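Coordinates as given in data-v4.cif (mmCIF, C-alpha atoms):
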data_final
loop_
_atom_site.label_atom_id
_atom_site.label_comp_id
_atom_site.auth_asym_id
_atom_site.auth_seq_id
_atom_site.Cartn_x
_atom_site.Cartn_y
_atom_site.Cartn_z
CA MET A 106 54.13 -26.84 131.82
CA ASP A 107 56.50 -27.27 134.73
CA LEU A 108 58.95 -24.96 132.99
CA VAL A 109 56.21 -22.33 132.51
CA GLY A 110 55.27 -22.67 136.19
CA ALA A 111 58.89 -22.22 137.26
CA LEU A 112 59.33 -19.13 135.08
CA ALA A 113 56.00 -17.65 136.29
CA ILE A 114 56.76 -18.17 139.97
CA GLY A 115 60.20 -16.65 139.40
CA PHE A 116 58.57 -13.52 137.97
CA ALA A 117 56.04 -13.39 140.83
CA ALA A 118 58.85 -13.73 143.38
CA GLY A 119 60.56 -10.75 141.77
CA VAL A 120 57.41 -8.61 141.95
CA ALA A 121 56.88 -9.52 145.62
CA SER A 122 60.51 -8.80 146.34
CA GLY A 123 60.42 -5.36 144.74
CA MET A 124 57.23 -4.43 146.57
CA ILE A 125 58.01 -5.85 150.01
CA GLY A 126 61.79 -6.04 150.27
CA ILE A 127 62.22 -9.78 150.64
CA GLY A 128 64.62 -11.59 148.33
CA GLY A 129 61.79 -13.68 146.90
CA GLY A 130 62.80 -16.91 148.66
CA LEU A 131 59.33 -17.38 150.09
CA LEU A 132 58.10 -18.10 146.54
CA PHE A 133 61.31 -19.57 145.08
CA VAL A 134 61.35 -22.44 147.59
CA PRO A 135 57.80 -23.79 146.98
CA GLY A 136 58.30 -23.12 143.24
CA LEU A 137 61.49 -25.22 143.11
CA VAL A 138 59.85 -28.05 145.08
CA ILE A 139 56.59 -28.17 143.09
CA PHE A 140 57.63 -27.32 139.52
CA LEU A 141 61.23 -28.52 139.37
CA GLY A 142 61.06 -31.47 141.78
CA LEU A 143 63.82 -30.41 144.19
CA SER A 144 63.89 -31.63 147.80
CA GLN A 145 63.03 -29.05 150.49
CA LEU A 146 66.74 -28.78 151.44
CA ASP A 147 68.00 -28.42 147.86
CA ALA A 148 65.17 -25.97 147.04
CA GLU A 149 66.21 -23.77 149.98
CA ALA A 150 69.87 -23.85 148.96
CA THR A 151 69.05 -23.16 145.29
CA SER A 152 66.60 -20.41 146.26
CA LEU A 153 69.49 -18.47 147.80
CA LEU A 154 71.27 -18.41 144.43
CA ALA A 155 68.21 -16.79 142.81
CA VAL A 156 67.83 -14.48 145.82
CA ILE A 157 71.29 -12.98 145.14
CA VAL A 158 70.17 -11.90 141.65
CA VAL A 159 66.89 -10.43 142.86
CA ALA A 160 68.49 -8.64 145.81
CA VAL A 161 71.18 -7.03 143.63
CA VAL A 162 68.64 -5.80 141.04
CA GLY A 163 66.14 -4.77 143.74
CA ALA A 164 68.76 -2.86 145.74
CA TRP A 165 69.91 -1.10 142.56
CA ARG A 166 66.33 0.00 141.75
CA GLN A 167 65.60 1.02 145.37
CA HIS A 168 68.88 2.98 145.45
CA GLY A 169 67.59 4.92 142.44
CA TYR A 170 64.51 5.89 144.48
CA GLY A 171 66.74 6.99 147.40
CA ASN A 172 65.57 4.16 149.67
CA VAL A 173 68.94 2.53 150.54
CA ARG A 174 71.19 3.41 153.50
CA PRO A 175 74.42 1.78 152.20
CA ARG A 176 76.37 1.93 155.47
CA ASP A 177 73.71 0.05 157.47
CA ALA A 178 73.26 -2.45 154.62
CA LEU A 179 77.01 -3.16 154.59
CA PHE A 180 77.06 -3.63 158.39
CA LEU A 181 74.14 -6.08 158.16
CA GLY A 182 75.95 -8.13 155.50
CA VAL A 183 79.34 -8.13 157.20
CA LEU A 184 77.89 -9.08 160.61
CA SER A 185 75.79 -12.00 159.28
CA PRO A 186 78.25 -14.95 158.76
CA VAL A 187 77.85 -16.55 162.20
CA GLY A 188 74.08 -16.68 161.75
CA VAL A 189 74.34 -17.92 158.16
CA LEU A 190 76.69 -20.76 159.11
CA GLY A 191 74.48 -21.84 162.03
CA GLY A 192 71.37 -21.79 159.83
CA VAL A 193 72.92 -23.86 157.02
CA VAL A 194 74.34 -26.45 159.43
CA LEU A 195 70.93 -26.79 161.13
CA ALA A 196 69.10 -27.09 157.77
CA ASN A 197 71.39 -29.99 156.80
CA ALA A 198 70.82 -31.71 160.17
CA LEU A 199 66.99 -31.58 160.08
CA SER A 200 64.70 -34.06 158.26
CA GLU A 201 62.92 -33.01 155.05
CA ARG A 202 59.47 -32.95 156.67
CA ALA A 203 60.69 -30.99 159.70
CA LEU A 204 62.27 -28.45 157.36
CA ALA A 205 59.06 -28.08 155.29
CA LEU A 206 56.89 -27.74 158.41
CA ALA A 207 59.23 -25.14 159.93
CA PHE A 208 59.25 -23.18 156.65
CA ALA A 209 55.45 -23.11 156.42
CA GLY A 210 55.14 -22.32 160.13
CA LEU A 211 57.47 -19.34 159.78
CA GLN A 212 55.40 -17.98 156.91
CA LEU A 213 52.13 -18.24 158.84
CA VAL A 214 53.55 -16.55 161.97
CA LEU A 215 54.89 -13.67 159.88
CA ALA A 216 51.61 -13.39 157.97
CA VAL A 217 49.65 -12.89 161.19
CA GLN A 218 52.10 -10.22 162.44
CA LEU A 219 51.98 -8.32 159.17
CA ALA A 220 48.21 -8.50 158.80
CA ARG A 221 47.95 -7.01 162.30
CA ARG A 222 50.39 -4.25 161.34
CA ALA A 223 48.41 -3.43 158.19
CA LEU A 224 45.12 -3.30 160.12
CA THR A 225 46.29 -1.17 163.06
CA ARG A 226 48.07 1.49 161.01
CA MET B 250 80.19 -1.21 170.13
CA SER B 251 77.50 1.44 170.12
CA PRO B 252 73.92 0.36 170.97
CA ARG B 253 73.01 0.98 167.34
CA LEU B 254 75.77 -1.34 166.09
CA VAL B 255 74.70 -4.01 168.60
CA ARG B 256 71.17 -3.84 167.21
CA LEU B 257 72.50 -4.19 163.65
CA ALA B 258 74.62 -7.19 164.74
CA VAL B 259 71.60 -8.88 166.33
CA ILE B 260 69.48 -8.25 163.21
CA ALA B 261 72.30 -9.53 160.95
CA THR B 262 72.82 -12.72 162.96
CA ALA B 263 69.09 -13.50 163.15
CA ALA B 264 68.61 -12.75 159.44
CA GLY B 265 71.64 -14.88 158.53
CA ALA B 266 70.32 -17.83 160.55
CA PHE B 267 66.86 -17.59 158.93
CA SER B 268 68.47 -17.23 155.52
CA GLY B 269 70.64 -20.32 155.90
CA LEU B 270 67.88 -22.38 157.52
CA PHE B 271 64.99 -21.43 155.22
CA GLY B 272 66.57 -20.38 151.91
CA ILE B 273 65.07 -16.90 152.13
CA GLY B 274 66.99 -13.65 152.02
CA GLY B 275 66.17 -12.72 155.59
CA GLY B 276 64.08 -9.67 154.70
CA THR B 277 61.26 -11.08 156.82
CA ILE B 278 63.56 -10.42 159.80
CA ILE B 279 65.40 -7.32 158.60
CA VAL B 280 62.48 -5.17 157.41
CA PRO B 281 60.32 -5.29 160.58
CA LEU B 282 63.34 -4.93 162.90
CA LEU B 283 64.75 -1.91 161.04
CA ILE B 284 61.32 -0.29 161.46
CA LEU B 285 60.86 -1.28 165.13
CA TRP B 286 64.43 -0.88 166.47
CA LEU B 287 66.01 1.76 164.23
CA GLY B 288 63.00 3.90 163.29
CA TYR B 289 63.15 3.18 159.57
CA GLU B 290 60.23 4.08 157.32
CA ASP B 291 58.79 1.18 155.22
CA ARG B 292 60.44 1.95 151.88
CA GLU B 293 63.86 2.74 153.39
CA ALA B 294 63.71 -0.54 155.32
CA THR B 295 62.83 -2.39 152.11
CA GLY B 296 65.69 -0.87 150.11
CA THR B 297 68.34 -1.26 152.81
CA SER B 298 67.19 -4.83 153.47
CA LEU B 299 67.60 -5.78 149.78
CA ALA B 300 71.17 -4.45 149.72
CA ALA B 301 72.05 -6.44 152.88
CA ILE B 302 70.38 -9.57 151.47
CA ALA B 303 72.65 -9.50 148.40
CA ILE B 304 75.58 -10.15 150.77
CA ILE B 305 73.75 -12.56 153.11
CA ALA B 306 72.36 -14.73 150.26
CA ALA B 307 75.81 -14.93 148.65
CA LEU B 308 77.26 -16.25 151.93
CA GLY B 309 74.37 -18.73 152.29
CA THR B 310 74.78 -19.98 148.71
CA ALA B 311 78.51 -20.54 149.28
CA VAL B 312 77.99 -22.57 152.47
CA HIS B 313 75.07 -24.59 151.02
CA GLY B 314 77.19 -25.07 147.89
CA ALA B 315 79.93 -26.64 150.02
CA TYR B 316 77.32 -29.21 151.14
CA GLY B 317 76.44 -29.86 147.46
CA ASN B 318 72.83 -28.64 147.83
CA VAL B 319 72.78 -25.91 145.14
CA HIS B 320 71.28 -26.69 141.67
CA VAL B 321 72.62 -23.96 139.39
CA LEU B 322 70.35 -24.57 136.33
CA GLU B 323 67.15 -24.57 138.43
CA GLY B 324 68.33 -21.44 140.24
CA VAL B 325 68.82 -19.66 136.92
CA LEU B 326 65.36 -20.78 135.70
CA VAL B 327 63.56 -19.02 138.56
CA GLY B 328 66.14 -16.24 139.07
CA VAL B 329 66.20 -14.78 135.55
CA PRO B 330 62.42 -14.10 135.20
CA ALA B 331 62.57 -12.63 138.71
CA ILE B 332 64.76 -9.79 137.36
CA GLY B 333 61.81 -8.47 135.30
CA GLY B 334 59.52 -9.00 138.27
CA VAL B 335 61.63 -7.03 140.71
CA VAL B 336 61.87 -4.01 138.38
CA ALA B 337 58.06 -4.02 137.98
CA GLY B 338 57.46 -4.58 141.71
CA THR B 339 59.83 -1.80 142.76
CA ALA B 340 58.14 0.70 140.43
CA LEU B 341 54.70 -0.39 141.69
CA GLN B 342 55.81 0.06 145.32
CA GLN B 343 56.44 3.78 144.79
CA ARG B 344 52.73 4.23 143.96
CA ALA B 345 51.12 1.77 146.36
CA PRO B 346 49.87 3.22 149.70
CA GLU B 347 52.09 2.42 152.72
CA ARG B 348 49.33 0.33 154.30
CA ALA B 349 48.96 -1.91 151.25
CA ILE B 350 52.58 -3.10 151.43
CA PRO B 351 52.44 -5.09 154.70
CA ALA B 352 48.96 -6.35 153.75
CA ALA B 353 50.32 -7.70 150.46
CA PHE B 354 53.23 -9.27 152.37
CA ALA B 355 50.83 -11.09 154.73
CA LEU B 356 48.75 -12.43 151.85
CA LEU B 357 51.86 -13.68 150.06
CA LEU B 358 53.05 -15.59 153.12
CA VAL B 359 49.72 -17.35 153.70
CA VAL B 360 49.41 -18.42 150.06
CA SER B 361 52.95 -19.80 149.80
CA ALA B 362 52.67 -21.66 153.13
CA ALA B 363 49.44 -23.31 151.95
CA VAL B 364 51.09 -24.33 148.66
CA LEU B 365 53.98 -25.96 150.48
CA LEU B 366 51.83 -27.86 153.00
CA PHE B 367 49.22 -29.18 150.50
#

In structure tokens, how does this file's structure come out?
Amino acid sequence: MDLVGALAIGFAAGVASGMIGIGGGLLFVPGLVIFLGLSQLDAEATSLLAVIVVAVVGAWRQHGYGNVRPRDALFLGVLSPVGVLGGVVLANALSERALALAFAGLQLVLAVQLARRALTR
Amino acid sequence: MSPRLVRLAVIATAAGAFSGLFGIGGGTIIVPLLILWLGYEDREATGTSLAAIAIIAALGTAVHGAYGNVHVLEGVLVGVPAIGGVVAGTALQQRAPERAIPAAFALLLVVSAAVLLF
């Protein structure tokens, strides 16, 4: 059952990623915590591994539709290491509950912004 | 650095920090900022964001891996079915109206936050 849940949430994360352009981490993280029993920190770290796969396949599909500007994408990747390092160090310094609360809080803030965008268009 | 490159550097740093801290790709940062700051259209922002995330997530996995936080088997279990999902989702996006995309994004965020908190 837990295995089925993990596989299902993986598929759903892929669909959301293809439609919205996220790597799917927003679903991978709760999926890894609930179905596979990982801690919040380990779920976040492991989520990134799955995100690589989804992002590569998603970018390949989107490139086929003419939706990728490769030069800007490369700049974004190459300029990211300072931020990545800071984020990982902070995640390891925070408590489990603080990390879970921050994760959920981020999702809710973004949800409100996007709902507003959808309604005012 | 040109103003455009500065904007890309700011987006990359913010996305990288969110990626490392939250285990997400950083698309939640990249997509809206490409639209707001660089005049991208929704689908172009989505595609370009995914390509950037491939690099950002690889860096994040490497650093988290150095801390011993990455579970490879569990990552494969959710990552492999996601390949089928992303092909289906990308095809669906080409038909969905532009307005439905951010609305679907908002719904997804609320549901996953609720799951994590309760």

query = Suppose you want the space between atom CA of Ile332 of chain B and atom CA of Ile302 of chain B; what is it in Å?
reply =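 Computing the Euclidean distance for atom CA of Ile332 of chain B and atom CA of Ile302 of chain B yields 15.2 Å.
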
request  = Just give me the gap between atom CA of Gly272 of chain B and atom CA of Gly171 of chain A in Å, one decimal is fine.
outcome  =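 Interatomic distance here is 27.7 Å.
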
key: Hits of the PyMOL selection byres ((chain A and resi 131) around 10) in this structure, as a ChimeraX atom specification   = /A:118,121-122,127-130,132-136,149,152,156,208-209,212 /B:271-275,277,357-358,360-362

key: Residues near Thr151 of chain A, cut-off 8 Å, all atoms listed in the file, skip fewer than 5 positions along chain, as a list in words   = Gly272, Thr310, Asn318, Val319, His320, Val321, Glu323 and Gly324 of chain B

query = How many Å lie between atom CA of Gln342 of chain B and atom CA of Ala150 of chain A, rounded to one decimal?
reply =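 Taking atom CA of Gln342 of chain B as the start and atom CA of Ala150 of chain A as the end point, the length is 28.0 Å.
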
task = Considering all atoms listed in the file, state which residue in the set B:Pro252, B:Pro330, B:Gly314, B:Gly309 is at the smallest distance from Leu287 of chain B.
result =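 That would be B:Pro252, the residue with the smallest distance to Leu287 of chain B.
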
query = Which residues fall under the PyMOL selection byres ((chain A and resi 191) around 12) in this file, as a list in words?
reply =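 What the PyMOL selection byres ((chain A and resi 191) around 12) grabs from the file is Ser185, Pro186, Val187, Gly188, Val189, Leu190, Gly192, Val193, Val194, Leu195, Ala196, Asn197 and Ala198 of chain A; Thr262, Ala263, Ala264, Gly265, Ala266, Phe267, Ser268, Gly269, Leu270, Phe271, Leu308, Gly309, Val312 and His313 of chain B.
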
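For the structure in this document, the set picked by the PyMOL selection byres ((chain B and resi 282) around 12) is Leu181 of chain A; Arg256, Leu257, Ala258, Val259, Ile260, Ala261, Ala263, Ala264, Gly275, Gly276, Thr277, Ile278, Ile279, Val280, Pro281, Leu283, Ile284, Leu285, Trp286, Leu287, Gly288, Tyr289, Glu290, Asp291, Ala294, Thr295, Thr297 and Ser298 of chain B.
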
ask   = Do you know which residues are at most 10 Å from Gly123 of chain A counting all atoms listed in the file, after dropping those on the same chain fewer than 2 positions away, and could you put them as a PyMOL selection string?
value = (chain A and resi 117-121+125-129+159-160+162-164+166-167) or (chain B and resi 295-296+299+331-332+334-343)

inquiry  = Which residue is closest to chain A? Choose from B:Ala353, B:Ala363, B:Glu293, B:Tyr316 and count all atoms listed in the file.
reply    =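 With all atoms listed in the file as the atom set, the closest residue is B:Glu293.
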
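Closest approach to Leu146 of chain A among A:Val158, A:Ala203, A:Ala178, A:Ala216 is made by A:Ala203 (distances from all atoms listed in the file).
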
Reconstruct N, CA and C atoms of segment 179-198 of chain A from the incomplete input and present them as a compact mmCIF listing (two decimals), keeping the file's coordinate frame.
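Final file, result.txt:
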# COMPACT_ATOMS: atom_id res chain seq x y z
N LEU A 179 75.68 -2.52 154.55
CA LEU A 179 77.01 -3.16 154.59
C LEU A 179 77.26 -3.81 155.96
N PHE A 180 76.92 -3.08 157.04
CA PHE A 180 77.06 -3.63 158.39
C PHE A 180 76.25 -4.92 158.53
N LEU A 181 75.01 -4.90 158.05
CA LEU A 181 74.14 -6.08 158.16
C LEU A 181 74.76 -7.28 157.43
N GLY A 182 75.33 -7.05 156.25
CA GLY A 182 75.95 -8.13 155.50
C GLY A 182 77.20 -8.66 156.18
N VAL A 183 78.06 -7.75 156.62
CA VAL A 183 79.34 -8.13 157.20
C VAL A 183 79.17 -8.84 158.56
N LEU A 184 78.11 -8.50 159.28
CA LEU A 184 77.89 -9.08 160.61
C LEU A 184 77.07 -10.38 160.58
N SER A 185 76.71 -10.86 159.38
CA SER A 185 75.79 -12.00 159.28
C SER A 185 76.40 -13.41 159.26
N PRO A 186 77.73 -13.59 159.00
CA PRO A 186 78.25 -14.95 158.76
C PRO A 186 78.01 -15.98 159.86
N VAL A 187 78.07 -15.58 161.12
CA VAL A 187 77.85 -16.55 162.20
C VAL A 187 76.43 -17.12 162.11
N GLY A 188 75.46 -16.25 161.89
CA GLY A 188 74.08 -16.68 161.75
C GLY A 188 73.88 -17.56 160.53
N VAL A 189 74.47 -17.16 159.41
CA VAL A 189 74.34 -17.92 158.16
C VAL A 189 74.87 -19.34 158.35
N LEU A 190 76.06 -19.45 158.91
CA LEU A 190 76.69 -20.76 159.11
C LEU A 190 75.82 -21.64 160.01
N GLY A 191 75.34 -21.08 161.11
CA GLY A 191 74.48 -21.84 162.03
C GLY A 191 73.21 -22.31 161.33
N GLY A 192 72.60 -21.44 160.53
CA GLY A 192 71.37 -21.79 159.83
C GLY A 192 71.57 -22.91 158.83
N VAL A 193 72.65 -22.83 158.05
CA VAL A 193 72.92 -23.86 157.02
C VAL A 193 73.21 -25.21 157.67
N VAL A 194 74.01 -25.21 158.73
CA VAL A 194 74.34 -26.45 159.43
C VAL A 194 73.06 -27.09 159.98
N LEU A 195 72.19 -26.27 160.57
CA LEU A 195 70.93 -26.79 161.13
C LEU A 195 70.03 -27.35 160.02
N ALA A 196 69.93 -26.64 158.89
CA ALA A 196 69.10 -27.09 157.77
C ALA A 196 69.55 -28.47 157.29
N ASN A 197 70.86 -28.70 157.26
CA ASN A 197 71.39 -29.99 156.80
C ASN A 197 71.18 -31.10 157.84
N ALA A 198 71.00 -30.72 159.10
CA ALA A 198 70.82 -31.71 160.17
C ALA A 198 69.36 -32.15 160.29
